[in-house]
Amino acid sequence: MSNFMKIATLNIDWAKIYNSPNHFLKIEKFLNQQDFDFFILTEALALNLKNYNFCYFSEQIPQNVDYENLNYSQYLNGEKAFRTIIYSKFPSRKKYQVSDNKTSLALEFETEFGDIVIYATIIGTWFNKLPFAKKELENCVTDCENIYKTNQNLLIVGDLNTSFLENEMQYCINKETTKTIENLIDKLSLYNTTKNLKKNIDHIIIPQNLTSKILESNVFVEAGILSDHQGIYICLDSV
């Protein structure tokens with residue numbers, strides 16, 4: 001293992017397969033030029049990312065039926081849909097139970113920073129539409145509090161549909177959602193490494209005891225290039 005650990009996340013908007021059947025090739029080409037240790041994709045298809053020996057999926061969205069207001073098979077022209085995928089250079093040691101295994105995925109990995117749990121999720125799969133936004137927020141809080149009882153080295157990574165900048169409320173589901181996430185971060189002694197990135201609704205939240213290890217927190221691809229989200233990453237130094 002190296003002295004550095006890079007973690008990234010990007011919502012790829014189903015690779016725009018619904019209106020551009022070959023856009024996923026552009027995404028694959030771009031992402032295969034990136035080098036992360038853990039890469040969390042949301043609203044994802046199973047891409048061929050060659051830098052990772054391991055790939056873990058949330059439960060597949062049911063095919064050929066309406067699921068939470070949408071027939072994904074029709075919408076995605078038959079492609080299999082996964083709300084969260086974790087690409088990793090390291091094998092997972094343990095899988096944690098989550099409230100909604102089609103939306104969230106929680107895995108434990110052995111790293112230079114100890115055994116960490118990556119909780120990959122989406123809050124607001126339909127942005128602020130109820131009941132989904134409220135239930136997904138509740139699930140996140142419940143899951144993370146339960147995981148924390150077993151392992152405090154918890155990272156929350158994914159599309160939270162929330163900016164934490166006071167002048168960017170238009171990028172938030174609502175004030176209550178933002179406050180609930182902030183309260184969870186405080187309660188579990190976490191730190192949001194990406195809270196100061198502008199126009200950013202995807203986040204990488206880490207244990208407070210790792211904040212001194214942060215070397216970088218930045219954008220690796222701007223919104224509008226691969227999807228309507230920007231891709232973000234952090235780099236931690238284990239020395």
# chains A, B, ... in the order shown; residues from 1 in each chain; ligands from 1
call {"tool": "residues_around", "arguments": {"residues": "Ile225 of chain A", "least_positions_apart": "6", "cutoff": "10 Å", "atoms": "only C-alpha atoms", "output": "list in words"}}
result
Lys26, Ile27, Phe30 and Gly231 of chain A
call {"tool": "write_last_selection", "arguments": {"atoms": "N, CA and C atoms", "output": "compact mmCIF listing (two decimals), in the first residue's frame"}}
result
# COMPACT_ATOMS: atom_id res chain seq x y z
N LYS A 26 -17.30 7.37 -23.51
CA LYS A 26 -16.58 8.60 -23.16
C LYS A 26 -16.28 8.63 -21.66
N ILE A 27 -17.27 8.22 -20.87
CA ILE A 27 -17.09 8.19 -19.42
C ILE A 27 -16.00 7.20 -19.04
N PHE A 30 -12.49 8.51 -19.92
CA PHE A 30 -12.05 9.56 -19.00
C PHE A 30 -11.70 8.98 -17.64
N GLY A 231 -17.31 15.77 -10.55
CA GLY A 231 -16.66 14.69 -9.82
C GLY A 231 -15.68 15.27 -8.82
call {"tool": "residues_around", "arguments": {"residues": "Asn200 of chain A", "least_positions_apart": "4", "cutoff": "10 Å", "atoms": "only C-alpha atoms", "output": "list in words"}}
result
Asp159, Leu160, Asn161, Thr162, Ser163, Phe164, Leu165, Glu168, Tyr171, Cys172, Thr194, Lys195, Asn196, Val219, Ala223, His229, Gln230, Gly231 and Ile232 of chain A
call {"tool": "write_last_selection", "arguments": {"atoms": "C-alpha atoms", "output": "PDB file, in the first residue's frame"}}
result
ATOM      1  CA  ASP A 159     -24.735  12.143  -3.843  1.00  0.00           C
ATOM      2  CA  LEU A 160     -26.353  13.979  -0.934  1.00  0.00           C
ATOM      3  CA  ASN A 161     -28.111  16.546  -3.145  1.00  0.00           C
ATOM      4  CA  THR A 162     -26.995  19.187  -0.685  1.00  0.00           C
ATOM      5  CA  SER A 163     -24.614  22.118  -0.741  1.00  0.00           C
ATOM      6  CA  PHE A 164     -23.356  23.166   2.667  1.00  0.00           C
ATOM      7  CA  LEU A 165     -22.597  26.739   1.602  1.00  0.00           C
ATOM      8  CA  GLU A 168     -26.252  27.957  -2.252  1.00  0.00           C
ATOM      9  CA  TYR A 171     -28.531  23.265  -4.476  1.00  0.00           C
ATOM     10  CA  CYS A 172     -30.239  21.794  -1.407  1.00  0.00           C
ATOM     11  CA  THR A 194     -15.938  18.762   0.482  1.00  0.00           C
ATOM     12  CA  LYS A 195     -18.287  21.226   2.187  1.00  0.00           C
ATOM     13  CA  ASN A 196     -16.475  24.293   0.814  1.00  0.00           C
ATOM     14  CA  VAL A 219     -12.894  18.648  -8.331  1.00  0.00           C
ATOM     15  CA  ALA A 223     -20.218  19.407 -14.281  1.00  0.00           C
ATOM     16  CA  HIS A 229     -22.614  16.543 -11.581  1.00  0.00           C
ATOM     17  CA  GLN A 230     -19.009  17.441 -10.936  1.00  0.00           C
ATOM     18  CA  GLY A 231     -16.660  14.690  -9.820  1.00  0.00           C
ATOM     19  CA  ILE A 232     -14.847  15.270  -6.540  1.00  0.00           C
TER      20      ILE A 232
END
call {"tool": "closest_residue", "arguments": {"among": "A:Thr211, A:Ala133, A:Ile147, A:Ser20", "to": "Ile173 of chain A", "atoms": "only C-alpha atoms"}}
result
A:Ala133
call {"tool": "residues_around", "arguments": {"residues": "segment 111-123 of chain A", "least_positions_apart": "5", "cutoff": "9 Å", "atoms": "only C-alpha atoms", "output": "count of residues only"}}
result
49
call {"tool": "closest_residue", "arguments": {"among": "A:Val239, A:Ala81, A:Val221, A:Ala8", "to": "Thr193 of chain A", "atoms": "only C-alpha atoms"}}
result
A:Ala8
call {"tool": "closest_residue", "arguments": {"among": "A:Lys175, A:Tyr67, A:Leu226, A:Asn218", "to": "Leu25 of chain A", "atoms": "only C-alpha atoms"}}
result
A:Leu226
call {"tool": "select_by_dssp", "arguments": {"residues": "segment 16-238 of chain A", "states": "helix (DSSP H, G or I)", "output": "PyMOL selection string"}}
result
chain A and resi 16+23-31+72-75+132-150+169-171+175-187+208-213
call {"tool": "decode", "arguments": {"residues": "segment 35-56 of chain A", "atoms": "N, CA and C atoms", "output": "compact mmCIF listing (two decimals), in the first residue's frame"}}
result
# COMPACT_ATOMS: atom_id res chain seq x y z
N ASP A 35 -6.76 7.91 -11.24
CA ASP A 35 -6.17 6.90 -10.37
C ASP A 35 -6.58 7.15 -8.93
N PHE A 36 -7.61 6.45 -8.50
CA PHE A 36 -8.10 6.55 -7.13
C PHE A 36 -7.98 5.18 -6.46
N ASP A 37 -7.98 5.17 -5.14
CA ASP A 37 -8.00 3.90 -4.41
C ASP A 37 -9.43 3.40 -4.23
N PHE A 38 -10.34 4.32 -4.01
CA PHE A 38 -11.76 4.01 -3.92
C PHE A 38 -12.51 5.00 -4.79
N PHE A 39 -13.39 4.48 -5.62
CA PHE A 39 -14.15 5.34 -6.52
C PHE A 39 -15.62 4.94 -6.41
N ILE A 40 -16.44 5.85 -5.92
CA ILE A 40 -17.86 5.58 -5.71
C ILE A 40 -18.65 6.26 -6.82
N LEU A 41 -19.35 5.45 -7.60
CA LEU A 41 -20.24 5.96 -8.63
C LEU A 41 -21.67 5.89 -8.13
N THR A 42 -22.46 6.91 -8.44
CA THR A 42 -23.89 6.87 -8.15
C THR A 42 -24.67 7.06 -9.44
N GLU A 43 -25.94 6.62 -9.41
CA GLU A 43 -26.76 6.54 -10.63
C GLU A 43 -25.92 5.93 -11.74
N ALA A 44 -25.54 4.68 -11.52
CA ALA A 44 -24.46 4.09 -12.30
C ALA A 44 -24.88 2.87 -13.11
N LEU A 45 -24.13 2.65 -14.17
CA LEU A 45 -24.10 1.40 -14.90
C LEU A 45 -22.77 0.73 -14.57
N ALA A 46 -22.68 -0.57 -14.84
CA ALA A 46 -21.44 -1.30 -14.57
C ALA A 46 -20.42 -0.96 -15.65
N LEU A 47 -19.53 -0.02 -15.34
CA LEU A 47 -18.52 0.40 -16.29
C LEU A 47 -17.27 -0.47 -16.17
N ASN A 48 -16.51 -0.54 -17.24
CA ASN A 48 -15.25 -1.29 -17.27
C ASN A 48 -14.11 -0.36 -16.88
N LEU A 49 -13.87 -0.25 -15.58
CA LEU A 49 -12.81 0.61 -15.06
C LEU A 49 -11.63 -0.27 -14.67
N LYS A 50 -10.55 -0.15 -15.41
CA LYS A 50 -9.47 -1.14 -15.38
C LYS A 50 -8.49 -0.96 -14.22
N ASN A 51 -8.58 0.15 -13.51
CA ASN A 51 -7.64 0.39 -12.41
C ASN A 51 -8.05 -0.26 -11.10
N TYR A 52 -9.16 -0.98 -11.12
CA TYR A 52 -9.71 -1.52 -9.87
C TYR A 52 -9.87 -3.03 -9.98
N ASN A 53 -9.34 -3.73 -8.98
CA ASN A 53 -9.45 -5.18 -8.95
C ASN A 53 -10.78 -5.64 -8.38
N PHE A 54 -11.46 -4.75 -7.69
CA PHE A 54 -12.68 -5.14 -6.99
C PHE A 54 -13.79 -4.13 -7.29
N CYS A 55 -15.00 -4.67 -7.40
CA CYS A 55 -16.16 -3.84 -7.72
C CYS A 55 -17.36 -4.38 -6.95
N TYR A 56 -18.03 -3.50 -6.22
CA TYR A 56 -19.14 -3.90 -5.36
C TYR A 56 -20.37 -3.06 -5.70
